[in-house]
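Here is the file target-v9.csv (CSV, C-alpha atoms).
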```
chain,number,residue,atom,x,y,z
A,1,MET,CA,0.0,0.0,0.0
A,2,ARG,CA,1.4,3.4,-1.0
A,3,ILE,CA,-0.2,6.3,0.8
A,4,GLY,CA,0.3,9.8,-0.3
A,5,THR,CA,-1.2,13.2,0.2
A,6,PHE,CA,-3.4,15.3,-2.2
A,7,VAL,CA,-2.6,19.0,-1.9
A,8,LEU,CA,-5.1,21.5,-3.2
A,9,ALA,CA,-3.7,24.6,-1.5
A,10,ALA,CA,-7.3,25.3,-0.4
A,11,GLN,CA,-8.1,28.8,0.6
A,12,PHE,CA,-10.6,28.7,3.5
A,13,PRO,CA,-12.8,31.6,4.4
A,14,GLY,CA,-10.9,34.3,6.2
A,15,GLN,CA,-7.6,33.1,4.8
A,16,GLY,CA,-5.3,34.6,2.2
A,17,PRO,CA,-3.6,32.7,-0.6
A,18,GLY,CA,-0.2,32.9,1.1
A,19,GLU,CA,-1.5,31.1,4.2
A,20,ALA,CA,-3.0,28.4,2.0
A,21,LEU,CA,0.3,27.9,0.0
A,22,HIS,CA,2.4,27.9,3.2
A,23,ARG,CA,0.1,25.1,4.6
A,24,ALA,CA,0.5,23.2,1.3
A,25,VAL,CA,4.3,23.4,1.4
A,26,ARG,CA,4.5,22.4,5.1
A,27,SER,CA,2.1,19.5,4.6
A,28,ALA,CA,4.3,18.1,1.8
A,29,GLU,CA,7.4,18.4,4.0
A,30,ALA,CA,5.5,16.7,6.8
A,31,ALA,CA,4.5,13.9,4.4
A,32,GLU,CA,8.1,13.0,3.8
A,33,GLU,CA,8.9,13.3,7.5
A,34,SER,CA,6.1,10.9,8.3
A,35,GLY,CA,7.2,8.2,5.9
A,36,LEU,CA,4.4,8.6,3.3
A,37,ASP,CA,5.0,7.7,-0.3
A,38,SER,CA,4.0,10.7,-2.3
A,39,VAL,CA,2.6,14.2,-2.6
A,40,TRP,CA,0.1,15.1,-5.4
A,41,LEU,CA,-0.4,18.7,-6.3
A,42,ALA,CA,-3.5,20.2,-7.9
A,43,GLU,CA,-3.7,23.1,-10.3
A,44,HIS,CA,-6.5,25.7,-10.4
A,45,HIS,CA,-6.9,29.2,-11.8
A,46,PHE,CA,-8.8,32.2,-10.6
A,47,VAL,CA,-10.6,30.5,-7.7
A,48,PRO,CA,-10.0,30.0,-4.0
A,49,TYR,CA,-10.9,26.4,-4.2
A,50,GLY,CA,-7.2,25.9,-4.8
A,51,VAL,CA,-4.6,28.7,-5.2
A,52,CYS,CA,-1.8,26.8,-6.9
A,53,PRO,CA,-1.8,27.9,-10.5
A,54,SER,CA,1.2,25.9,-11.6
A,55,ALA,CA,1.5,22.4,-10.2
A,56,THR,CA,4.8,21.9,-11.9
A,57,THR,CA,6.3,25.0,-10.3
A,58,LEU,CA,5.2,23.9,-6.9
A,59,ALA,CA,6.5,20.4,-7.6
A,60,ALA,CA,9.9,21.9,-8.4
A,61,LEU,CA,10.0,23.7,-5.1
A,62,LEU,CA,9.0,20.5,-3.2
A,63,LEU,CA,11.4,18.3,-5.0
A,64,GLY,CA,14.2,20.6,-4.0
A,65,ARG,CA,13.1,20.6,-0.3
A,66,THR,CA,12.7,16.8,-0.1
A,67,ARG,CA,15.0,13.8,-0.7
A,68,ARG,CA,12.9,10.7,-0.9
A,69,ILE,CA,9.2,11.3,-1.5
A,70,ARG,CA,7.6,11.2,-4.9
A,71,VAL,CA,6.0,14.4,-6.1
A,72,GLY,CA,3.3,14.5,-8.8
A,73,THR,CA,0.8,16.8,-10.4
A,74,ALA,CA,-2.9,15.9,-9.9
A,75,VAL,CA,-3.3,17.4,-12.3
A,76,SER,CA,-1.7,19.7,-14.8
A,77,VAL,CA,-4.7,20.9,-16.9
A,78,LEU,CA,-3.5,20.0,-20.4
A,79,PRO,CA,-5.9,22.3,-22.4
A,80,ASN,CA,-4.3,25.3,-20.7
A,81,HIS,CA,-0.7,24.2,-21.6
A,82,HIS,CA,1.2,23.7,-24.8
A,83,PRO,CA,2.0,20.0,-24.5
A,84,VAL,CA,5.7,20.4,-25.5
A,85,ALA,CA,6.2,23.1,-22.9
A,86,LEU,CA,4.6,20.9,-20.2
A,87,ALA,CA,6.7,17.9,-21.4
A,88,GLU,CA,9.9,19.9,-21.2
A,89,GLN,CA,9.1,20.8,-17.6
A,90,ALA,CA,8.3,17.2,-16.8
A,91,ALA,CA,11.6,16.0,-18.3
A,92,LEU,CA,13.5,18.7,-16.4
A,93,LEU,CA,11.9,17.7,-13.0
A,94,HIS,CA,12.3,14.0,-13.7
A,95,LEU,CA,16.0,14.3,-14.5
A,96,THR,CA,17.0,16.8,-11.8
A,97,SER,CA,15.0,14.9,-9.0
A,98,GLY,CA,16.5,11.5,-9.9
A,99,GLY,CA,13.2,10.2,-11.2
A,100,ARG,CA,10.9,11.3,-8.3
A,101,PHE,CA,8.5,13.2,-10.5
A,102,SER,CA,5.1,12.0,-11.8
A,103,LEU,CA,3.1,14.0,-14.4
A,104,GLY,CA,-0.6,13.8,-14.0
A,105,VAL,CA,-2.7,15.4,-16.7
A,106,GLY,CA,-6.4,16.0,-17.2
A,107,ARG,CA,-8.9,17.9,-19.3
A,108,GLY,CA,-10.0,20.2,-16.5
A,109,GLY,CA,-13.4,21.8,-16.9
A,110,PRO,CA,-15.2,24.2,-19.3
A,111,TRP,CA,-13.9,27.2,-17.3
A,112,VAL,CA,-12.9,30.7,-18.2
A,113,ASP,CA,-9.3,29.4,-18.1
A,114,LEU,CA,-9.8,28.3,-21.7
A,115,GLU,CA,-10.5,31.9,-22.7
A,116,VAL,CA,-7.6,33.4,-20.7
A,117,PHE,CA,-5.0,30.9,-21.9
A,118,GLY,CA,-6.3,30.8,-25.4
A,119,GLY,CA,-7.0,27.1,-25.7
A,120,GLY,CA,-10.7,27.7,-26.3
A,121,LEU,CA,-13.6,25.3,-25.7
A,122,ASP,CA,-12.5,23.0,-28.5
A,123,ALA,CA,-9.3,22.3,-26.7
A,124,TYR,CA,-11.4,21.0,-23.8
A,125,GLU,CA,-14.0,19.2,-25.7
A,126,ASN,CA,-12.0,17.7,-28.6
A,127,GLY,CA,-8.3,18.5,-28.3
A,128,PHE,CA,-7.2,16.3,-25.3
A,129,PRO,CA,-6.2,13.2,-27.3
A,130,GLU,CA,-3.9,15.2,-29.7
A,131,SER,CA,-2.3,17.1,-26.8
A,132,LEU,CA,-1.7,13.9,-24.8
A,133,GLY,CA,-0.2,12.2,-27.9
A,134,LEU,CA,2.2,15.1,-28.5
A,135,LEU,CA,3.2,15.2,-24.9
A,136,LEU,CA,4.0,11.5,-24.8
A,137,ASP,CA,5.9,11.7,-28.1
A,138,TRP,CA,8.1,14.4,-26.5
A,139,LEU,CA,8.8,12.3,-23.5
A,140,ARG,CA,9.7,9.2,-25.5
A,141,GLU,CA,11.3,10.2,-28.8
A,142,PRO,CA,14.6,11.9,-29.8
A,143,ARG,CA,12.9,14.2,-32.4
A,144,VAL,CA,9.3,15.4,-32.7
A,145,ALA,CA,7.1,17.2,-35.2
A,146,GLY,CA,3.6,18.6,-34.7
A,147,ARG,CA,1.3,17.1,-37.2
A,148,GLY,CA,-2.1,17.5,-35.6
A,149,GLU,CA,-5.0,19.8,-36.2
A,150,ARG,CA,-4.1,22.1,-33.3
A,151,PHE,CA,-0.3,21.8,-33.1
A,152,GLY,CA,1.7,22.0,-36.3
A,153,PHE,CA,5.5,22.6,-36.4
A,154,ARG,CA,8.6,21.3,-38.1
A,155,GLU,CA,10.6,18.4,-36.6
A,156,VAL,CA,12.8,19.6,-33.7
A,157,ALA,CA,15.3,17.9,-31.3
A,158,VAL,CA,14.0,16.9,-27.9
A,159,VAL,CA,16.4,18.5,-25.3
A,160,PRO,CA,16.8,17.4,-22.6
A,161,ARG,CA,15.7,13.8,-23.3
A,162,ALA,CA,13.5,12.5,-20.5
A,163,ASP,CA,14.8,9.0,-20.9
A,164,GLU,CA,18.4,9.8,-20.3
A,165,LEU,CA,20.3,7.7,-17.8
A,166,LEU,CA,19.6,8.6,-14.2
A,167,ALA,CA,22.1,8.1,-11.4
A,168,ASP,CA,20.6,4.6,-10.6
A,169,GLY,CA,21.2,3.5,-14.2
A,170,SER,CA,17.6,3.6,-15.3
A,171,ALA,CA,16.6,5.2,-18.5
A,172,GLN,CA,12.8,5.6,-18.3
A,173,GLY,CA,11.0,8.9,-18.6
A,174,PRO,CA,8.6,10.3,-16.0
A,175,GLU,CA,5.5,8.4,-15.1
A,176,VAL,CA,2.4,9.9,-16.8
A,177,ILE,CA,-1.0,9.5,-15.2
A,178,VAL,CA,-4.4,10.5,-16.7
A,179,ALA,CA,-7.3,11.9,-14.6
A,180,CYS,CA,-10.4,9.9,-15.7
A,181,THR,CA,-14.0,10.9,-15.2
A,182,SER,CA,-15.6,9.3,-18.2
A,183,PRO,CA,-15.5,6.1,-20.2
A,184,LYS,CA,-14.0,7.9,-23.2
A,185,THR,CA,-11.0,9.1,-21.1
A,186,VAL,CA,-10.6,5.7,-19.5
A,187,ARG,CA,-10.3,4.1,-23.0
A,188,LEU,CA,-7.9,6.8,-24.0
A,189,ALA,CA,-5.6,6.1,-21.0
A,190,ALA,CA,-5.9,2.4,-21.5
A,191,GLY,CA,-5.0,2.6,-25.2
A,192,ARG,CA,-1.8,4.3,-24.2
A,193,GLY,CA,-1.2,2.0,-21.2
A,194,LEU,CA,-1.3,4.9,-18.8
A,195,PRO,CA,-2.5,4.6,-15.2
A,196,MET,CA,-5.6,6.5,-14.1
A,197,LEU,CA,-6.2,9.0,-11.3
A,198,LEU,CA,-9.7,8.5,-10.0
A,199,GLY,CA,-11.5,11.3,-8.2
A,200,MET,CA,-12.4,11.6,-4.6
A,201,HIS,CA,-16.2,11.9,-5.4
A,202,CYS,CA,-16.2,8.3,-6.6
A,203,GLY,CA,-17.1,5.3,-4.4
A,204,ASP,CA,-15.4,1.9,-4.6
A,205,GLU,CA,-18.0,0.4,-6.9
A,206,GLU,CA,-17.6,3.2,-9.5
A,207,LYS,CA,-13.8,3.0,-9.3
A,208,ALA,CA,-13.9,-0.8,-9.7
A,209,GLU,CA,-16.0,-0.4,-12.8
A,210,MET,CA,-13.6,2.1,-14.3
A,211,VAL,CA,-10.6,-0.2,-13.5
A,212,ALA,CA,-12.4,-3.1,-15.2
A,213,LEU,CA,-13.2,-1.0,-18.3
A,214,TRP,CA,-9.5,0.1,-18.4
A,215,ARG,CA,-8.3,-3.5,-18.4
A,216,THR,CA,-10.7,-4.5,-21.1
A,217,ALA,CA,-9.8,-1.5,-23.3
A,218,ALA,CA,-6.1,-2.0,-22.7
A,219,ARG,CA,-6.3,-5.6,-23.9
A,220,GLU,CA,-8.3,-4.6,-26.9
A,221,ALA,CA,-5.7,-1.9,-27.7
A,222,GLY,CA,-3.0,-4.6,-27.7
A,223,GLN,CA,-1.2,-3.6,-24.5
A,224,PRO,CA,1.0,-6.4,-23.3
A,225,PRO,CA,-0.1,-8.5,-20.3
A,226,GLU,CA,2.7,-7.1,-18.1
A,227,VAL,CA,1.3,-3.6,-18.7
A,228,VAL,CA,-2.3,-4.6,-18.0
A,229,GLU,CA,-1.5,-6.5,-14.9
A,230,GLY,CA,1.2,-4.1,-13.6
A,231,VAL,CA,-0.5,-0.8,-13.9
A,232,ALA,CA,-0.6,1.3,-10.8
A,233,HIS,CA,-3.7,3.5,-10.7
A,234,VAL,CA,-4.2,6.2,-8.1
A,235,SER,CA,-7.3,6.7,-6.0
A,236,ALA,CA,-7.9,10.2,-4.6
A,237,GLY,CA,-9.8,10.7,-1.3
A,238,VAL,CA,-10.0,12.5,1.9
A,239,ALA,CA,-8.3,11.6,5.2
A,240,GLN,CA,-8.9,13.0,8.7
A,241,ILE,CA,-7.5,10.9,11.6
A,242,GLU,CA,-8.9,11.6,15.0
A,243,ASP,CA,-9.8,9.4,18.0
A,244,GLY,CA,-13.3,9.0,19.2
A,245,PRO,CA,-16.4,8.1,17.1
A,246,GLY,CA,-17.5,10.9,14.8
A,247,ALA,CA,-14.7,13.4,15.8
A,248,ALA,CA,-13.0,13.5,12.4
A,249,THR,CA,-16.3,13.8,10.6
A,250,GLU,CA,-17.4,16.6,12.9
A,251,THR,CA,-14.2,18.5,12.2
A,252,LEU,CA,-14.6,18.3,8.4
A,253,VAL,CA,-18.3,19.1,8.5
A,254,LYS,CA,-17.5,22.2,10.4
A,255,THR,CA,-14.8,23.4,8.1
A,256,MET,CA,-15.0,22.0,4.6
A,257,PRO,CA,-18.5,23.3,3.5
A,258,GLY,CA,-17.4,26.9,3.8
A,259,TRP,CA,-14.3,26.3,1.7
A,260,LEU,CA,-16.4,24.3,-0.9
A,261,ARG,CA,-19.1,26.9,-1.1
A,262,GLN,CA,-16.6,29.8,-1.6
A,263,GLY,CA,-14.3,27.8,-3.9
A,264,LEU,CA,-16.9,26.1,-6.2
A,265,ASP,CA,-19.1,29.2,-6.5
A,266,ALA,CA,-16.1,31.1,-7.9
A,267,HIS,CA,-15.9,28.9,-11.0
A,268,VAL,CA,-17.0,30.7,-14.2
A,269,THR,CA,-17.8,28.7,-17.4
A,270,VAL,CA,-16.2,29.9,-20.6
A,271,ASP,CA,-19.5,29.8,-22.5
A,272,GLY,CA,-22.1,30.6,-19.9
A,273,ARG,CA,-23.4,27.1,-19.6
A,274,HIS,CA,-25.6,26.2,-16.6
A,275,ARG,CA,-23.8,24.7,-13.7
A,276,VAL,CA,-25.3,22.4,-11.1
A,277,MET,CA,-23.3,22.8,-7.8
A,278,ARG,CA,-23.2,20.1,-5.1
A,279,ASP,CA,-24.6,21.0,-1.7
A,280,PRO,CA,-21.4,21.6,0.3
A,281,VAL,CA,-22.6,19.9,3.5
A,282,ALA,CA,-24.0,16.9,1.7
A,283,TYR,CA,-20.8,16.6,-0.3
A,284,THR,CA,-18.6,16.8,2.8
A,285,GLU,CA,-20.7,14.1,4.5
A,286,LEU,CA,-20.5,11.9,1.3
A,287,LEU,CA,-16.7,12.2,1.3
A,288,CYS,CA,-16.5,11.4,5.0
A,289,GLY,CA,-18.5,8.2,4.4
A,290,LEU,CA,-16.3,7.1,1.5
A,291,HIS,CA,-12.8,7.7,2.7
A,292,PRO,CA,-10.5,7.2,5.7
A,293,VAL,CA,-12.1,9.7,8.0
A,294,GLY,CA,-12.1,8.6,11.7
A,295,PRO,CA,-9.9,6.7,14.1
A,296,PRO,CA,-6.8,4.9,12.7
A,297,GLN,CA,-8.3,1.4,12.5
A,298,LEU,CA,-11.4,2.6,10.7
A,299,ALA,CA,-9.2,4.6,8.3
A,300,ALA,CA,-7.0,1.6,7.6
A,301,ASP,CA,-10.0,-0.7,7.1
A,302,ARG,CA,-11.5,1.7,4.5
A,303,LEU,CA,-8.2,1.9,2.6
A,304,ALA,CA,-7.9,-1.9,2.7
A,305,ALA,CA,-11.5,-2.3,1.5
A,306,THR,CA,-10.9,0.1,-1.4
A,307,ALA,CA,-7.8,-1.8,-2.4
A,308,GLU,CA,-9.6,-5.1,-2.2
A,309,ARG,CA,-12.6,-4.0,-4.2
A,310,THR,CA,-10.7,-2.0,-6.9
A,311,GLY,CA,-7.2,-3.4,-7.0
A,312,ILE,CA,-5.9,0.1,-6.5
A,313,THR,CA,-3.1,0.3,-3.9
A,314,ARG,CA,-1.9,3.9,-4.4
A,315,PHE,CA,-3.8,6.7,-2.7
A,316,ALA,CA,-3.7,10.5,-2.8
A,317,LEU,CA,-5.5,11.8,0.3
A,318,LEU,CA,-6.6,15.3,1.0
A,319,VAL,CA,-5.3,16.1,4.5
A,320,GLU,CA,-6.0,19.9,4.7
A,321,GLY,CA,-9.7,19.6,5.3
A,322,SER,CA,-9.5,21.3,8.7
A,323,GLY,CA,-8.1,24.4,7.1
A,324,ASP,CA,-5.6,24.8,10.0
A,325,LEU,CA,-1.8,24.4,9.6
A,326,ALA,CA,-1.1,22.7,13.0
A,327,ALA,CA,-4.1,20.3,12.6
A,328,THR,CA,-3.0,19.5,9.0
A,329,GLU,CA,0.5,18.6,10.1
A,330,GLU,CA,-0.9,16.4,12.9
A,331,ASN,CA,-3.2,14.7,10.5
A,332,VAL,CA,-0.3,13.9,8.2
A,333,ARG,CA,1.8,12.7,11.2
A,334,ARG,CA,-1.0,10.4,12.3
A,335,LEU,CA,-1.4,9.0,8.8
A,336,GLY,CA,2.2,7.9,8.9
A,337,ALA,CA,2.5,6.9,12.5
A,338,ASP,CA,-1.0,5.4,13.3
A,339,VAL,CA,-2.5,4.3,10.0
A,340,LEU,CA,0.4,3.2,7.8
A,341,PRO,CA,1.6,0.4,10.2
A,342,LEU,CA,-1.9,-1.1,10.1
A,343,LEU,CA,-1.6,-1.6,6.3
A,344,THR,CA,1.7,-3.3,6.1
```
Can you dump the structure from the file as structure tokens?
Amino acid sequence: MRIGTFVLAAQFPGQGPGEALHRAVRSAEAAEESGLDSVWLAEHHFVPYGVCPSATTLAALLLGRTRRIRVGTAVSVLPNHHPVALAEQAALLHLTSGGRFSLGVGRGGPWVDLEVFGGGLDAYENGFPESLGLLLDWLREPRVAGRGERFGFREVAVVPRADELLADGSAQGPEVIVACTSPKTVRLAAGRGLPMLLGMHCGDEEKAEMVALWRTAAREAGQPPEVVEGVAHVSAGVAQIEDGPGAATETLVKTMPGWLRQGLDAHVTVDGRHRVMRDPVAYTELLCGLHPVGPPQLAADRLAATAERTGITRFALLVEGSGDLAATEENVRRLGADVLPLLT
């Protein structure tokens, strides 16, 4: 079982973005100190839901401050980036960290980001496969040309090569993970043999169905058995470790709805389409019921149950749900000290 943290850099009511970012950095450092496996960084624009606008930039900072832990993006929003520029950053972080960087990518949403960064709605609705293909080419080939509908350019040299030899003698480029919320994206990831990142709003049954679809689609695409059997998907969730029945849920129900209401209400669609927002209290209660929220044994049991039902053994857990720095650090410490030993 590989337990990591999921860092949104959430700005809670009454807080500034600097406070949210400081808590994000400190929670990542605490994750390494506590023996956790990884830190996954979200990217958002123009909303207090998460105030990290560049997951790769924050990853670079954290890779420089740590020595062991894996740092990944969850996710870099591909329609807002040129895939070559993002791949260059991934190669740089992979090589300079000794292979500790993972690049998670996703479509994002139909937000005003698409207007600001110039990708447009078509990049969100239709352009993801082309962007993903170009990004993967850059991470795997010595020379690349853009021959798609959106990206066209002459063949150029890939510098630096992501698959150059590392200090340990390995020559594989950075891991690439795809955030999947629809069967279409699951099939796209499976066709490329790429692991999935599955969202924290999904229960075990839905995640199990997506894993089964991935396996079927990967076989149909001709992926070798060792890829199909060895893939390491990642399950996102929420973790709050406290003693006493209901204490952890009570903490999150007091704090998370205010953040969710403020953060989700700030999203603006690029085309004015109608949005249906979740009820913040009901959503918080749903998350508490799905994920490791409670005493250590309950948390370990829920993680083990998810792993047994879905086959997923990598987790990215939101630990900042209290909105408080000291409480977040303690939550991370308890994940490492009290929960992790119950899973080994």
* Polymer residues at most 10 Å from Val186 (chain A), only C-alpha atoms, same-chain spacing of 5 or more positions, as number ranges by chain -> A: 178-181, 191, 194-198, 210-215, 217-218
With region 136-146 of chain A as the partner and 10 Å as the cut-off, tabulate the residues of region 27-125 of chain A that qualify, each row holding the nearest pair of atoms and their distance in Å to one decimal, using all atoms listed in the file, sorted by chain and rising number, as a tab-separated table.
```
residue	atom	partner	partner_atom	distance
A:Pro83	CA	A:Trp138	CA	8.5
A:Val84	CA	A:Trp138	CA	6.5
A:Ala85	CA	A:Trp138	CA	9.6
A:Leu86	CA	A:Trp138	CA	9.7
A:Ala87	CA	A:Leu139	CA	6.3
A:Glu88	CA	A:Trp138	CA	7.8
A:Ala90	CA	A:Leu139	CA	8.3
A:Ala91	CA	A:Leu139	CA	7.0
```
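The nearest approach to Pro17 (chain A) among the residues A:Trp111, A:Phe151, A:Trp40, A:Tyr49, with all atoms listed in the file taken into account, belongs to A:Tyr49.
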* To do: Please provide as a PyMOL selection string all residues within 8 Å of Cys52 (chain A), with the sequence filter that same-chain residues fewer than 3 positions apart are discarded (counting only C-alpha atoms).
  => chain A and resi 8-9+21+42-45+55+58
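Compared by their closest atoms to Gly35 (chain A), and using only C-alpha atoms, the residues A:Ala327, A:Ile69, A:Ala162, A:Leu342 rank with A:Ile69 nearest.
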* Shell of 9 Å around Glu125 (chain A), all atoms listed in the file, local chain residues under 4 positions omitted, as a ChimeraX atom specification -> /A:107,110,121
Can you write out the residues you just picked, keeping C-alpha atoms, as a PDB file, in the coordinates of the input?
```pdb
ATOM      1  CA  ARG A 107      -8.900  17.900 -19.300  1.00  0.00           C
ATOM      2  CA  PRO A 110     -15.200  24.200 -19.300  1.00  0.00           C
ATOM      3  CA  LEU A 121     -13.600  25.300 -25.700  1.00  0.00           C
TER       4      LEU A 121
END
```
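Rounded to one decimal, CA of Gln223 (chain A) and CA of Arg187 (chain A) lie 12.0 Å from each other.
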* To do: Counting only C-alpha atoms, find the residues whose atoms lie at most 10 Å from (-7.4, 26.1, 9.9) (file coordinates) and write them out as a VMD selection string.
  => chain A and resid 11 to 15 19 to 20 23 255 320 to 328
* Taking all atoms listed in the file into account, which of A:Gln262, A:Thr284, A:Thr313, A:Ser34 comes nearest Gly50 (chain A)? -> A:Gln262
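Among the candidates A:Thr56, A:Tyr283, A:Thr216, A:Val293, the residue lying nearest to Ala247 (chain A) is A:Val293 (atoms considered: only C-alpha atoms).
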Could you please fill out region 122-141 of chain A with N, CA, C and O atoms and send it back as a compact mmCIF listing (two decimals), in the coordinates of the input?
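What ended up in out35.txt:
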```txt
# COMPACT_ATOMS: atom_id res chain seq x y z
N ASP A 122 -12.84 24.22 -27.73
CA ASP A 122 -12.50 23.00 -28.50
C ASP A 122 -11.35 22.26 -27.95
O ASP A 122 -11.31 21.03 -28.04
N ALA A 123 -10.41 22.96 -27.33
CA ALA A 123 -9.30 22.30 -26.70
C ALA A 123 -9.78 21.37 -25.56
O ALA A 123 -9.22 20.28 -25.32
N TYR A 124 -10.81 21.80 -24.86
CA TYR A 124 -11.40 21.00 -23.80
C TYR A 124 -12.25 19.87 -24.30
O TYR A 124 -12.15 18.74 -23.83
N GLU A 125 -13.08 20.16 -25.29
CA GLU A 125 -14.00 19.20 -25.70
C GLU A 125 -13.44 18.15 -26.71
O GLU A 125 -13.87 16.98 -26.71
N ASN A 126 -12.47 18.55 -27.53
CA ASN A 126 -12.00 17.70 -28.60
C ASN A 126 -10.46 17.50 -28.63
O ASN A 126 -9.96 16.56 -29.26
N GLY A 127 -9.71 18.42 -28.03
CA GLY A 127 -8.30 18.50 -28.30
C GLY A 127 -7.41 17.63 -27.32
O GLY A 127 -6.20 17.53 -27.54
N PHE A 128 -8.01 17.01 -26.30
CA PHE A 128 -7.20 16.30 -25.30
C PHE A 128 -6.39 15.14 -25.91
O PHE A 128 -5.20 15.01 -25.60
N PRO A 129 -6.97 14.30 -26.76
CA PRO A 129 -6.20 13.20 -27.30
C PRO A 129 -4.95 13.66 -28.09
O PRO A 129 -3.86 13.08 -27.95
N GLU A 130 -5.10 14.71 -28.91
CA GLU A 130 -3.90 15.20 -29.70
C GLU A 130 -2.88 15.76 -28.73
O GLU A 130 -1.68 15.47 -28.89
N SER A 131 -3.29 16.52 -27.72
CA SER A 131 -2.30 17.10 -26.80
C SER A 131 -1.60 16.00 -26.00
O SER A 131 -0.38 16.06 -25.81
N LEU A 132 -2.34 14.99 -25.56
CA LEU A 132 -1.70 13.90 -24.80
C LEU A 132 -0.73 13.13 -25.70
O LEU A 132 0.38 12.80 -25.26
N GLY A 133 -1.09 12.88 -26.95
CA GLY A 133 -0.20 12.20 -27.90
C GLY A 133 1.09 12.93 -28.10
O GLY A 133 2.18 12.34 -28.11
N LEU A 134 0.99 14.25 -28.29
CA LEU A 134 2.20 15.10 -28.50
C LEU A 134 3.07 15.08 -27.27
O LEU A 134 4.29 14.97 -27.35
N LEU A 135 2.45 15.21 -26.11
CA LEU A 135 3.20 15.20 -24.90
C LEU A 135 3.96 13.88 -24.69
O LEU A 135 5.15 13.87 -24.35
N LEU A 136 3.29 12.77 -24.95
CA LEU A 136 4.00 11.50 -24.80
C LEU A 136 5.08 11.29 -25.83
O LEU A 136 6.14 10.73 -25.52
N ASP A 137 4.87 11.77 -27.06
CA ASP A 137 5.90 11.70 -28.10
C ASP A 137 7.18 12.44 -27.56
O ASP A 137 8.31 11.97 -27.73
N TRP A 138 6.96 13.62 -26.97
CA TRP A 138 8.10 14.40 -26.50
C TRP A 138 8.86 13.71 -25.39
O TRP A 138 10.07 13.84 -25.28
N LEU A 139 8.16 12.96 -24.58
CA LEU A 139 8.80 12.30 -23.50
C LEU A 139 9.47 10.95 -23.88
O LEU A 139 10.21 10.36 -23.09
N ARG A 140 9.23 10.50 -25.13
CA ARG A 140 9.70 9.20 -25.50
C ARG A 140 10.59 9.17 -26.78
O ARG A 140 11.27 8.18 -27.02
N GLU A 141 10.57 10.23 -27.56
CA GLU A 141 11.30 10.20 -28.80
C GLU A 141 12.41 11.22 -28.86
O GLU A 141 12.39 12.22 -28.14
```
